[in-house]
Every structure is written in C-alpha cells, then in structure tokens.
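Shown below: work_3.tsv, with TSV, C-alpha atoms.
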```tsv
chain	number	residue	atom	x	y	z
L	14	ALA	CA	-15.29	-32.82	-31.73
L	15	PRO	CA	-11.74	-33.56	-32.98
L	16	ASP	CA	-11.05	-35.64	-29.87
L	17	ILE	CA	-14.10	-37.90	-30.22
L	18	GLY	CA	-13.54	-38.86	-33.82
L	19	PHE	CA	-14.60	-36.13	-36.27
L	20	VAL	CA	-12.34	-37.01	-39.22
L	21	THR	CA	-12.25	-34.55	-42.12
L	22	SER	CA	-10.43	-33.69	-45.30
L	23	ASP	CA	-7.43	-31.40	-44.89
L	24	GLU	CA	-9.08	-28.35	-46.42
L	25	PHE	CA	-8.78	-25.97	-43.48
L	26	GLY	CA	-11.69	-23.54	-43.28
L	27	ASN	CA	-14.06	-25.68	-45.36
L	28	ALA	CA	-13.27	-29.29	-44.49
L	29	ASP	CA	-15.53	-32.20	-45.47
L	30	ILE	CA	-16.63	-34.84	-42.97
L	31	LEU	CA	-15.33	-38.32	-43.86
L	32	TYR	CA	-18.36	-40.28	-42.75
L	33	ASP	CA	-17.01	-43.81	-43.08
L	34	GLN	CA	-14.36	-43.04	-40.48
L	35	THR	CA	-16.23	-40.49	-38.37
L	36	LEU	CA	-19.53	-42.19	-37.52
L	37	SER	CA	-18.05	-45.35	-35.98
L	38	LYS	CA	-15.46	-43.42	-33.99
L	39	VAL	CA	-18.00	-40.96	-32.60
L	40	GLN	CA	-20.37	-43.77	-31.67
L	41	ALA	CA	-17.60	-45.61	-29.80
L	42	ALA	CA	-16.50	-42.45	-27.99
L	43	LEU	CA	-19.97	-41.38	-26.82
L	44	THR	CA	-21.74	-44.68	-26.17
L	45	GLN	CA	-22.02	-45.32	-22.41
L	46	GLY	CA	-21.84	-48.83	-21.02
L	47	PRO	CA	-24.72	-50.26	-18.96
L	48	ASP	CA	-22.68	-50.13	-15.74
L	49	GLY	CA	-20.93	-46.83	-16.35
L	50	PRO	CA	-21.84	-43.44	-14.87
L	51	ARG	CA	-24.72	-41.59	-16.57
L	52	GLU	CA	-23.15	-38.43	-17.93
L	53	VAL	CA	-24.35	-35.60	-20.14
L	54	GLN	CA	-22.00	-35.34	-23.09
L	55	VAL	CA	-21.19	-31.77	-24.19
L	56	VAL	CA	-19.43	-31.62	-27.56
L	57	THR	CA	-18.10	-28.54	-29.31
L	58	GLY	CA	-19.14	-28.21	-32.92
L	59	PHE	CA	-17.58	-26.79	-36.07
L	60	LEU	CA	-14.23	-28.59	-35.68
L	61	GLY	CA	-12.64	-31.79	-36.92
L	62	ARG	CA	-9.23	-33.36	-37.45
L	63	GLY	CA	-7.58	-33.65	-40.86
L	64	VAL	CA	-7.19	-37.24	-42.03
L	65	GLN	CA	-3.67	-36.73	-43.39
L	66	SER	CA	-2.24	-33.86	-41.34
L	67	GLY	CA	-3.87	-34.62	-37.99
L	68	ALA	CA	-4.35	-30.86	-37.59
L	69	VAL	CA	-7.55	-29.30	-36.28
L	70	THR	CA	-9.80	-28.21	-39.16
L	71	THR	CA	-12.97	-26.13	-39.35
L	72	LEU	CA	-16.10	-27.19	-41.23
L	73	GLY	CA	-17.02	-23.84	-42.75
L	74	ARG	CA	-20.44	-22.22	-42.91
L	75	GLY	CA	-23.12	-24.38	-41.30
L	76	GLY	CA	-20.50	-26.43	-39.47
L	77	SER	CA	-22.23	-26.27	-36.11
L	78	ASP	CA	-25.52	-27.60	-37.54
L	79	LEU	CA	-23.57	-30.27	-39.39
L	80	SER	CA	-21.83	-31.27	-36.16
L	81	ALA	CA	-25.19	-31.78	-34.46
L	82	THR	CA	-26.57	-34.00	-37.22
L	83	VAL	CA	-23.33	-36.00	-37.41
L	84	LEU	CA	-23.65	-36.73	-33.68
L	85	GLY	CA	-27.26	-37.77	-34.15
L	86	ALA	CA	-26.44	-40.09	-37.05
L	87	ALA	CA	-23.51	-41.64	-35.19
L	88	LEU	CA	-25.67	-42.36	-32.12
L	89	GLU	CA	-28.58	-43.54	-34.30
L	90	LEU	CA	-31.02	-41.09	-32.73
L	91	ARG	CA	-34.59	-40.73	-33.87
L	92	GLU	CA	-34.43	-36.93	-33.83
L	93	VAL	CA	-31.94	-34.09	-33.62
L	94	GLN	CA	-33.12	-30.63	-32.59
L	95	VAL	CA	-31.40	-27.55	-33.99
L	96	TRP	CA	-32.33	-24.34	-32.15
L	97	LYS	CA	-32.48	-21.09	-34.11
L	98	ASP	CA	-34.01	-17.61	-33.76
L	99	VAL	CA	-37.07	-18.26	-35.97
L	100	ASP	CA	-40.09	-20.58	-35.69
L	101	GLY	CA	-38.59	-23.15	-38.03
L	102	VAL	CA	-38.33	-23.00	-41.81
L	103	LEU	CA	-40.65	-20.33	-43.26
L	104	THR	CA	-42.74	-20.04	-46.41
L	105	SER	CA	-40.36	-17.32	-47.64
L	106	ASP	CA	-37.71	-14.86	-46.49
L	107	PRO	CA	-39.30	-12.58	-43.84
L	108	ARG	CA	-37.03	-9.75	-44.99
L	109	ILE	CA	-38.91	-9.83	-48.31
L	110	VAL	CA	-42.35	-11.06	-47.25
L	111	PRO	CA	-43.40	-9.72	-43.82
L	112	ASN	CA	-46.28	-12.17	-43.27
L	113	THR	CA	-44.51	-15.49	-43.79
L	114	MET	CA	-45.67	-18.63	-42.01
L	115	PRO	CA	-43.73	-21.57	-40.54
L	116	VAL	CA	-43.53	-24.72	-42.61
L	117	THR	CA	-44.38	-27.59	-40.28
L	118	GLU	CA	-43.03	-30.47	-42.38
L	119	LEU	CA	-40.30	-31.03	-44.95
L	120	THR	CA	-38.56	-33.99	-46.53
L	121	TYR	CA	-34.77	-34.28	-46.58
L	122	GLU	CA	-34.81	-33.40	-50.27
L	123	GLU	CA	-37.02	-30.33	-49.80
L	124	ALA	CA	-34.85	-29.04	-46.94
L	125	THR	CA	-31.66	-29.51	-48.96
L	126	GLU	CA	-33.07	-27.69	-51.99
L	127	LEU	CA	-34.35	-24.87	-49.78
L	128	ALA	CA	-30.99	-24.44	-48.10
L	129	PHE	CA	-29.07	-24.54	-51.39
L	130	PHE	CA	-31.28	-21.97	-53.10
L	131	GLY	CA	-31.35	-19.35	-50.38
L	132	ALA	CA	-33.04	-20.36	-47.11
L	133	GLN	CA	-30.75	-19.35	-44.26
L	134	VAL	CA	-32.12	-21.54	-41.45
L	135	LEU	CA	-30.14	-24.68	-42.28
L	136	HIS	CA	-27.06	-25.29	-44.40
L	137	PRO	CA	-27.52	-27.99	-47.08
L	138	LEU	CA	-24.55	-29.95	-45.72
L	139	ALA	CA	-26.36	-30.34	-42.39
L	140	MET	CA	-28.85	-32.68	-44.07
L	141	GLN	CA	-26.22	-35.15	-45.30
L	142	PRO	CA	-26.03	-37.23	-42.09
L	143	ALA	CA	-29.84	-37.47	-41.96
L	144	ILE	CA	-29.97	-38.54	-45.60
L	145	ARG	CA	-27.34	-41.21	-44.94
L	146	SER	CA	-29.29	-42.40	-41.91
L	147	GLN	CA	-32.71	-42.47	-43.65
L	148	ALA	CA	-34.24	-42.82	-40.18
L	149	MET	CA	-33.25	-39.68	-38.26
L	150	ALA	CA	-35.48	-36.60	-38.23
L	151	VAL	CA	-34.17	-33.05	-37.82
L	152	ARG	CA	-36.40	-30.58	-35.99
L	153	VAL	CA	-35.77	-26.83	-36.27
L	154	LYS	CA	-36.91	-24.98	-33.13
L	155	ASN	CA	-36.93	-21.36	-31.94
L	156	SER	CA	-34.93	-20.67	-28.78
L	157	TYR	CA	-36.96	-17.45	-28.30
L	158	ASN	CA	-40.30	-19.20	-28.71
L	159	ARG	CA	-39.94	-22.65	-27.20
L	160	ARG	CA	-43.66	-23.49	-27.48
L	161	ALA	CA	-43.58	-23.24	-31.27
L	162	SER	CA	-43.67	-26.70	-32.86
L	163	GLY	CA	-40.96	-25.76	-35.36
L	164	THR	CA	-40.25	-27.68	-38.56
L	165	ILE	CA	-39.75	-31.44	-38.64
L	166	ILE	CA	-37.56	-32.73	-41.48
L	167	SER	CA	-37.80	-36.44	-42.27
L	168	LYS	CA	-37.43	-38.98	-45.04
L	169	ALA	CA	-40.98	-38.68	-46.38
L	170	ARG	CA	-44.30	-36.94	-45.83
L	171	ASP	CA	-47.78	-37.00	-47.30
L	172	MET	CA	-47.64	-34.87	-50.47
L	173	ALA	CA	-51.25	-35.46	-51.53
L	174	CYS	CA	-52.47	-32.04	-50.36
L	175	CYS	CA	-49.21	-30.20	-50.96
L	176	LEU	CA	-48.85	-27.66	-53.75
L	177	VAL	CA	-46.14	-25.11	-52.89
L	178	THR	CA	-44.15	-25.42	-49.65
L	179	SER	CA	-41.83	-22.41	-49.76
L	180	ILE	CA	-40.55	-19.73	-52.14
L	181	VAL	CA	-36.91	-18.64	-51.91
L	182	LEU	CA	-34.75	-16.13	-53.75
L	183	LYS	CA	-31.05	-16.38	-54.53
L	184	ASN	CA	-29.54	-13.04	-55.55
L	185	ASP	CA	-26.36	-11.96	-57.36
L	186	VAL	CA	-26.48	-14.78	-59.89
L	187	THR	CA	-24.70	-14.73	-63.25
L	188	LEU	CA	-26.53	-16.26	-66.23
L	189	VAL	CA	-24.47	-17.69	-69.09
L	190	ASP	CA	-26.08	-18.54	-72.47
L	191	ILE	CA	-24.04	-20.81	-74.75
L	192	VAL	CA	-25.21	-21.25	-78.35
L	193	SER	CA	-23.62	-23.40	-81.03
L	194	SER	CA	-24.94	-25.08	-84.15
L	195	ARG	CA	-22.23	-27.71	-83.55
L	196	MET	CA	-24.53	-29.18	-80.89
L	197	LEU	CA	-27.11	-30.19	-83.49
L	198	GLY	CA	-27.22	-33.97	-83.69
L	199	GLN	CA	-23.75	-34.31	-82.16
L	200	TYR	CA	-22.61	-36.22	-79.10
L	201	GLY	CA	-19.96	-35.02	-76.69
L	202	PHE	CA	-20.63	-31.29	-76.93
L	203	LEU	CA	-22.10	-31.03	-73.43
L	204	ALA	CA	-19.16	-33.00	-72.08
L	205	THR	CA	-16.79	-30.53	-73.73
L	206	VAL	CA	-18.62	-27.55	-72.21
L	207	PHE	CA	-18.70	-28.94	-68.70
L	208	GLU	CA	-15.07	-30.02	-68.93
L	209	LEU	CA	-14.24	-26.33	-69.43
L	210	PHE	CA	-16.19	-25.47	-66.28
L	211	ARG	CA	-14.37	-28.22	-64.40
L	212	SER	CA	-10.94	-27.06	-65.58
L	213	GLN	CA	-11.73	-23.51	-64.39
L	214	GLN	CA	-13.19	-24.87	-61.11
L	215	VAL	CA	-16.52	-23.16	-61.70
L	216	SER	CA	-19.62	-24.69	-60.10
L	217	VAL	CA	-23.00	-24.47	-61.83
L	218	ASP	CA	-26.33	-23.87	-60.05
L	219	VAL	CA	-29.13	-24.38	-62.58
L	220	VAL	CA	-29.02	-25.77	-66.14
L	221	ALA	CA	-31.46	-25.73	-69.06
L	222	SER	CA	-30.64	-26.94	-72.56
L	223	SER	CA	-32.11	-27.23	-76.05
L	224	GLU	CA	-30.83	-28.76	-79.28
L	225	VAL	CA	-28.42	-25.91	-80.00
L	226	SER	CA	-28.06	-24.00	-76.71
L	227	ILE	CA	-27.28	-24.28	-73.00
L	228	SER	CA	-28.25	-21.76	-70.34
L	229	LEU	CA	-26.79	-22.05	-66.87
L	230	SER	CA	-26.44	-19.95	-63.76
L	231	LEU	CA	-23.37	-19.32	-61.64
L	232	ASP	CA	-23.19	-18.14	-58.05
L	233	PRO	CA	-20.08	-15.95	-57.65
L	234	LYS	CA	-20.06	-16.54	-53.89
L	235	ARG	CA	-19.64	-20.26	-54.49
L	236	CYS	CA	-17.42	-20.05	-57.56
L	237	TRP	CA	-14.84	-17.52	-56.42
L	238	SER	CA	-13.44	-16.80	-52.99
L	239	ASP	CA	-13.88	-13.03	-53.26
L	240	GLY	CA	-17.49	-13.39	-54.40
L	241	GLU	CA	-16.85	-11.21	-57.45
L	242	VAL	CA	-17.15	-11.97	-61.14
L	243	GLY	CA	-13.81	-11.07	-62.66
L	244	GLU	CA	-10.79	-12.65	-64.30
L	245	GLU	CA	-11.93	-16.21	-63.59
L	246	LEU	CA	-15.13	-15.72	-65.58
L	247	ASP	CA	-13.22	-13.94	-68.35
L	248	ARG	CA	-10.93	-16.96	-68.72
L	249	LEU	CA	-13.92	-19.30	-68.84
L	250	ILE	CA	-15.69	-17.19	-71.48
L	251	PHE	CA	-12.50	-17.02	-73.54
L	252	GLU	CA	-12.40	-20.84	-73.67
L	253	LEU	CA	-16.12	-21.20	-74.35
L	254	GLU	CA	-15.99	-18.74	-77.25
L	255	LYS	CA	-13.65	-21.11	-79.08
L	256	ILE	CA	-16.56	-23.52	-79.57
L	257	SER	CA	-19.69	-21.34	-79.27
L	258	SER	CA	-21.15	-17.86	-78.97
L	259	VAL	CA	-21.57	-16.76	-75.37
L	260	ARG	CA	-23.78	-14.20	-73.66
L	261	VAL	CA	-23.27	-13.28	-69.99
L	262	ARG	CA	-25.80	-11.48	-67.81
L	263	SER	CA	-24.95	-10.58	-64.23
L	264	GLY	CA	-27.25	-9.25	-61.52
L	265	MET	CA	-29.83	-11.99	-62.03
L	266	ALA	CA	-31.74	-13.94	-59.37
L	267	ILE	CA	-32.99	-17.51	-59.03
L	268	LEU	CA	-36.56	-17.76	-57.77
L	269	SER	CA	-37.17	-21.32	-56.53
L	270	LEU	CA	-40.54	-22.84	-55.75
L	271	ILE	CA	-40.16	-25.83	-53.44
L	272	CYS	CA	-43.26	-27.68	-54.45
L	273	ASN	CA	-45.04	-30.87	-55.45
L	274	VAL	CA	-43.95	-31.16	-59.07
L	275	GLU	CA	-46.54	-33.88	-59.63
L	276	ARG	CA	-48.81	-30.83	-59.97
L	277	THR	CA	-46.47	-28.89	-62.26
L	278	SER	CA	-49.16	-27.78	-64.70
L	279	GLU	CA	-51.23	-26.07	-62.00
L	280	ILE	CA	-48.18	-24.51	-60.35
L	281	LEU	CA	-46.75	-23.13	-63.60
L	282	MET	CA	-50.14	-21.85	-64.77
L	283	ARG	CA	-50.62	-19.85	-61.59
L	284	THR	CA	-46.97	-18.76	-61.46
L	285	PHE	CA	-46.83	-17.36	-64.99
L	286	LYS	CA	-50.24	-15.75	-64.61
L	287	VAL	CA	-48.89	-13.82	-61.61
L	288	LEU	CA	-45.61	-12.92	-63.30
L	289	LEU	CA	-47.46	-11.73	-66.43
L	290	ALA	CA	-49.67	-9.49	-64.30
L	291	GLU	CA	-46.55	-8.07	-62.62
L	292	GLY	CA	-44.74	-7.54	-65.94
L	293	ILE	CA	-41.86	-9.81	-64.88
L	294	ASN	CA	-40.05	-11.76	-67.59
L	295	VAL	CA	-38.48	-15.17	-66.97
L	296	SER	CA	-35.06	-15.57	-68.59
L	297	MET	CA	-34.67	-19.26	-67.84
L	298	MET	CA	-36.63	-22.11	-66.24
L	299	SER	CA	-35.39	-25.41	-64.90
L	300	GLN	CA	-37.18	-28.36	-63.34
L	301	GLY	CA	-34.56	-30.81	-62.22
L	302	ALA	CA	-34.61	-34.47	-61.35
L	303	SER	CA	-35.21	-33.61	-57.69
L	304	LYS	CA	-39.01	-33.53	-58.21
L	305	VAL	CA	-39.39	-30.89	-55.47
L	306	ASN	CA	-38.07	-27.73	-57.09
L	307	ILE	CA	-38.95	-25.46	-60.02
L	308	SER	CA	-36.38	-22.69	-60.57
L	309	LEU	CA	-36.96	-19.50	-62.53
L	310	VAL	CA	-34.23	-16.99	-63.36
L	311	VAL	CA	-35.39	-13.36	-63.37
L	312	ASP	CA	-33.75	-9.95	-63.33
L	313	GLY	CA	-32.35	-9.34	-59.86
L	314	SER	CA	-34.16	-6.02	-59.48
L	315	GLU	CA	-37.49	-7.80	-59.98
L	316	GLY	CA	-36.77	-10.75	-57.71
L	317	PRO	CA	-38.26	-9.43	-54.44
L	318	ARG	CA	-41.44	-8.24	-56.19
L	319	ALA	CA	-41.83	-11.65	-57.84
L	320	VAL	CA	-41.48	-13.42	-54.48
L	321	GLN	CA	-44.04	-11.13	-52.83
L	322	ALA	CA	-46.56	-11.64	-55.62
L	323	LEU	CA	-46.13	-15.41	-55.70
L	324	HIS	CA	-46.32	-15.69	-51.92
L	325	LYS	CA	-49.60	-13.81	-52.01
L	326	GLU	CA	-50.89	-16.15	-54.72
L	327	PHE	CA	-49.92	-19.42	-53.05
L	328	PHE	CA	-50.15	-18.61	-49.33
L	329	GLU	CA	-52.41	-15.61	-48.79
L	330	GLY	CA	-55.22	-15.89	-51.32
L	331	PRO	CA	-58.39	-18.01	-51.51
L	332	LEU	CA	-56.42	-20.85	-53.13
L	333	SER	CA	-53.59	-20.70	-50.59
L	334	CYS	CA	-51.38	-23.65	-49.64
L	335	LEU	CA	-51.77	-23.96	-45.88
L	336	PRO	CA	-48.99	-25.77	-43.96
L	337	ALA	CA	-49.98	-29.17	-42.63
L	338	ALA	CA	-49.70	-30.41	-39.06
L	339	PRO	CA	-46.27	-31.88	-38.24
L	340	THR	CA	-45.68	-35.62	-38.29
L	341	ASN	CA	-42.68	-37.85	-37.84
L	342	GLY	CA	-42.53	-38.67	-41.55
L	343	ASN	CA	-44.60	-41.83	-41.13
L	344	GLY	CA	-47.97	-40.11	-40.77
L	345	ALA	CA	-47.94	-40.12	-36.96
L	346	ALA	CA	-47.49	-37.16	-34.64
L	347	ALA	CA	-43.84	-36.27	-34.19
L	348	GLN	CA	-42.28	-37.34	-30.90
L	349	PRO	CA	-39.38	-35.53	-29.23
L	350	ALA	CA	-38.21	-38.65	-27.39
L	351	GLY	CA	-34.67	-39.78	-28.07
L	352	ALA	CA	-33.77	-36.33	-29.32
L	353	SER	CA	-30.44	-34.58	-29.32
L	354	ARG	CA	-30.37	-30.83	-28.73
L	355	ARG	CA	-27.75	-28.41	-29.92
```
Structure encoded using structure tokens:
Amino acid sequence: APDIGFVTSDEFGNADILYDQTLSKVQAALTQGPDGPREVQVVTGFLGRGVQSGAVTTLGRGGSDLSATVLGAALELREVQVWKDVDGVLTSDPRIVPNTMPVTELTYEEATELAFFGAQVLHPLAMQPAIRSQAMAVRVKNSYNRRASGTIISKARDMACCLVTSIVLKNDVTLVDIVSSRMLGQYGFLATVFELFRSQQVSVDVVASSEVSISLSLDPKRCWSDGEVGEELDRLIFELEKISSVRVRSGMAILSLICNVERTSEILMRTFKVLLAEGINVSMMSQGASKVNISLVVDGSEGPRAVQALHKEFFEGPLSCLPAAPTNGNGAAAQPAGASRR
C-alpha cells in the first residue's frame, strides 16, 4: 500500500488517510491500460506512508478494512466485499443475545453509528471512503459461509417498513454530569465547557443538555491510551469544578438503538415499557442529528439484560422487526459485479 500511493499523516500506529492525495495516486498506480497485460493486483493493507516523514505508517484498528474501501473508492468500484467470520452485521452482539439475525441492508450512516457504538464487524473509519464516493457499496460476507448473502451497505435504502435495525452495547463508559446556574440565559457557557475538554484532549461520545446542566459520556479506551480513568480525568474535573458542580459515574454503558427515528414515539414507548418491566433505569438519553440512532445510558451491570429484553421485544416477538431482502441501495437486487474482494 505505501508503494502505490497510500499517503497518511505521520501519526505512527494510528495514521489518518489523506484522501486528496491518496485516491488519485492509487488510481494511477492500479489502472491498467487497454493494451497492457491483464494482471490481478494484490495489495497489502494496514500500511501507508507519512506525508512529511516518508516513513511507513500503520493505520491502527480497522486499517485492513479501511485499506479495502480506499482501494474501491480510488478505482471507482460499484462494490467492495469485506470477508469476516460472521454472516454480516447482526441485530445484536451474539455474545449477549444467542439468537441474533443478520441485517441484510444498512446505509452508510447506520453502519458508521453501529461501528462507533460497539459493533465489531466493521470499523467506523472503513466507511469514510464509501461516504466520500456516495456511489460505492460495501458488502460484508462470511468466509466460513460463502452462500450467506451478507450485509450490503449503501447510500440509501427504503426505510418505510424499518423500525429498529440493530441494538448494540458499549461498556466501560464514564458519565459526567455538569450543573451550573451560570448557564441560565447565558451564551458561551457550552463553548467554555468544551474548550476544557479540548485542552485536556478528551473526546466525548454522547451529549444531552438542559437549561442549567450538561450530561455527557466518555469512553476511556478512546480518551486515554491505557484505557483507564485516572489522572487525566481528575485534571479535567478540577478545571470543570471552577465553573460548575460535577458528578462522575464510571462503569456505565451506552445502549444504542440503530433505528428509524421518524418513528421515535413508537420506539421509545416500547423501549421504556420493556425497561420499566425489567426494573432498569435510564440515566441519560440522547437522540442526535444523525436520525438513525437513539442512545440510552444505563448502569453497566444492567446493560446485557437490557439488550436481551429489547432484542426480544423488537426482533423475537409478535411485533418484531424482520430484516428486509438486500438491495443495492436503489431498490434493485444487489449485484456483485465490479466488486473488489479483500
């Protein structure tokens, strides 16, 4: 990959693809002329070359999937196939819910949200080249079950009959509640809070706010290299307490419903009915601008039970959400022609 034009930042171990330079170089390196020999191109993934240093870099977790989708975008393919050990993206984590089902169709946005909030099949970065392309589909296939149709990920799909697509759980989350009467009717307070997070290099997962409070979740694995909440969080809290009162709760979990939020009222009614029956309290709820995800923060010890109960409600009961037949994102049956396999 470094020799055919994968140009990255110089952050060894977690380098970012520089698409404006990479895509044209890769296309030039791999495009075969009409009179040239017909060769099968075999490209190693996971590697790039630093734009300043010229040294070989690695792309970090999900780098091999990202390499495949970069190649597909550079060659303007209709479809890239990524081969895994499961029958595509599933309705939940099979380690929590034993009777999960494959999800036959996803949009780019749904796949990215799923990957970010806990699904292990694809890394969220792997969707970036497809999103930039707006025309390339990504199909997840099972190398141990080649006849399975897998999951096709494309720009759009028919959401008319869709309610809930998948339920994922993200563990070991820290919840921070920030309360200050100084927020009331004032501008600039949120900017001040998030400037403190920026200065401490702390990334935020989910946010919910009211007139006098902000609740947000932190993922220690993304915020700190050792994956532990320690001195870094203490420094952040020390700064926040200068302008507000702060409450920190660790050991929480984010339960995300990848869903059709045009039907939010029905989804939330059924969700909270199930959680009430299970005696599970929701500490925070967020429905972002993505329009495909509703996130609930619950106690980490109750997370798996919540997922099991909600999966039963939405996928196993009389009002279940059955996966639809796969299409190419335009309403027609998906075609494997012009595909790139990794």
For Met172 (chain L), please output as a ChimeraX atom specification all residues within 10 Å (counting only C-alpha atoms; exclusion window: fewer than 3 positions along the same chain). /L:119-120,169,175-176,272-273,275,337
Pick out the residues sitting within 12 Å of Met114 (chain L), and hand them over as a ChimeraX atom specification; count only C-alpha atoms, and ignore anything fewer than 6 positions along from it in its own chain. /L:99-107,161,163-164,178-180,324-325,327-329,333-337
Check the smallest atom-to-atom distance from each of L:Ser77, L:Asn155, L:Ser223, L:Gln65 to Asp98 (chain L) using all atoms listed in the file, then report the winner.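 Residue with the minimum atom-to-atom distance to Asp98 (chain L): L:Asn155.
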Using all atoms listed in the file, find all polymer residues with an atom at most 9 Å away from the point (-26.8, -13.3, -65.7); report them as JSON, numbers by chain. {"L": [185, 186, 187, 188, 189, 190, 229, 230, 231, 260, 261, 262, 263, 264, 265, 266, 310, 311, 312, 313]}
Out of L:Met149, L:Ser269, L:Glu123, L:Gly85, which residue has the shortest atom-to-atom distance to Thr284 (chain L) when counting all atoms listed in the file? L:Ser269
Work out how far apart CA of Pro137 (chain L) and CA of Gly301 (chain L) are and give it in Å to one decimal. 16.9 Å
CA of Cys174 (chain L) and CA of Ala290 (chain L) are how many Å apart?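 Pair CA of Cys174 (chain L) / CA of Ala290 (chain L) returns 26.7 Å.
Here CA of Glu291 (chain L) and CA of Pro331 (chain L) stand 19.0 Å from one another.
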Write out as an mmCIF file with C-alpha atoms, in the coordinates of the input each polymer residue whose atoms come within 12 Å of Asp16 (chain L), counting only C-alpha atoms; drop sequence neighbours fewer than 2 positions from it.
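To be explicit, this is the file written out as part05.cif:
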```cif
data_model
loop_
_atom_site.group_PDB
_atom_site.id
_atom_site.type_symbol
_atom_site.label_atom_id
_atom_site.label_comp_id
_atom_site.auth_asym_id
_atom_site.auth_seq_id
_atom_site.Cartn_x
_atom_site.Cartn_y
_atom_site.Cartn_z
ATOM 1 C CA ALA L 14 -15.290 -32.820 -31.730
ATOM 2 C CA GLY L 18 -13.540 -38.860 -33.820
ATOM 3 C CA PHE L 19 -14.600 -36.130 -36.270
ATOM 4 C CA VAL L 20 -12.340 -37.010 -39.220
ATOM 5 C CA THR L 35 -16.230 -40.490 -38.370
ATOM 6 C CA LYS L 38 -15.460 -43.420 -33.990
ATOM 7 C CA VAL L 39 -18.000 -40.960 -32.600
ATOM 8 C CA ALA L 41 -17.600 -45.610 -29.800
ATOM 9 C CA ALA L 42 -16.500 -42.450 -27.990
ATOM 10 C CA LEU L 43 -19.970 -41.380 -26.820
ATOM 11 C CA VAL L 56 -19.430 -31.620 -27.560
ATOM 12 C CA THR L 57 -18.100 -28.540 -29.310
ATOM 13 C CA GLY L 58 -19.140 -28.210 -32.920
ATOM 14 C CA LEU L 60 -14.230 -28.590 -35.680
ATOM 15 C CA GLY L 61 -12.640 -31.790 -36.920
ATOM 16 C CA ARG L 62 -9.230 -33.360 -37.450
ATOM 17 C CA GLY L 63 -7.580 -33.650 -40.860
ATOM 18 C CA GLY L 67 -3.870 -34.620 -37.990
ATOM 19 C CA ALA L 68 -4.350 -30.860 -37.590
ATOM 20 C CA VAL L 69 -7.550 -29.300 -36.280
ATOM 21 C CA THR L 70 -9.800 -28.210 -39.160
#
```
Select all residues near (-21.9, -28.7, -41.2) (cut-off 7 Å, inclusive, file coordinates), counting all atoms listed in the file, and output them as a short mmCIF file (atom, residue, chain, number, x, y, z; two decimals) with C-alpha atoms, in the coordinates of the input.
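Result file part.cif:
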```cif
data_model
loop_
_atom_site.label_atom_id
_atom_site.label_comp_id
_atom_site.auth_asym_id
_atom_site.auth_seq_id
_atom_site.Cartn_x
_atom_site.Cartn_y
_atom_site.Cartn_z
CA PHE L 59 -17.58 -26.79 -36.07
CA LEU L 72 -16.10 -27.19 -41.23
CA ARG L 74 -20.44 -22.22 -42.91
CA GLY L 75 -23.12 -24.38 -41.30
CA GLY L 76 -20.50 -26.43 -39.47
CA SER L 77 -22.23 -26.27 -36.11
CA ASP L 78 -25.52 -27.60 -37.54
CA LEU L 79 -23.57 -30.27 -39.39
CA SER L 80 -21.83 -31.27 -36.16
CA HIS L 136 -27.06 -25.29 -44.40
CA LEU L 138 -24.55 -29.95 -45.72
CA ALA L 139 -26.36 -30.34 -42.39
#
```
If you count only C-alpha atoms, which residues fall within 10 Å of Phe210 (chain L), apart from same-chain ones fewer than 4 positions away, as a compact mmCIF listing (two decimals) with C-alpha atoms, in the coordinates of the input?
```
# COMPACT_ATOMS: atom_id res chain seq x y z
CA ALA L 204 -19.16 -33.00 -72.08
CA THR L 205 -16.79 -30.53 -73.73
CA VAL L 206 -18.62 -27.55 -72.21
CA GLN L 214 -13.19 -24.87 -61.11
CA VAL L 215 -16.52 -23.16 -61.70
CA SER L 216 -19.62 -24.69 -60.10
CA VAL L 217 -23.00 -24.47 -61.83
CA LEU L 246 -15.13 -15.72 -65.58
CA LEU L 249 -13.92 -19.30 -68.84
CA ILE L 250 -15.69 -17.19 -71.48
CA GLU L 252 -12.40 -20.84 -73.67
CA LEU L 253 -16.12 -21.20 -74.35
```
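When all atoms listed in the file are used to measure the gap to Ile307 (chain L), the shortest distance among L:Ile227, L:Leu90, L:Ile191, L:Val220 belongs to L:Val220.
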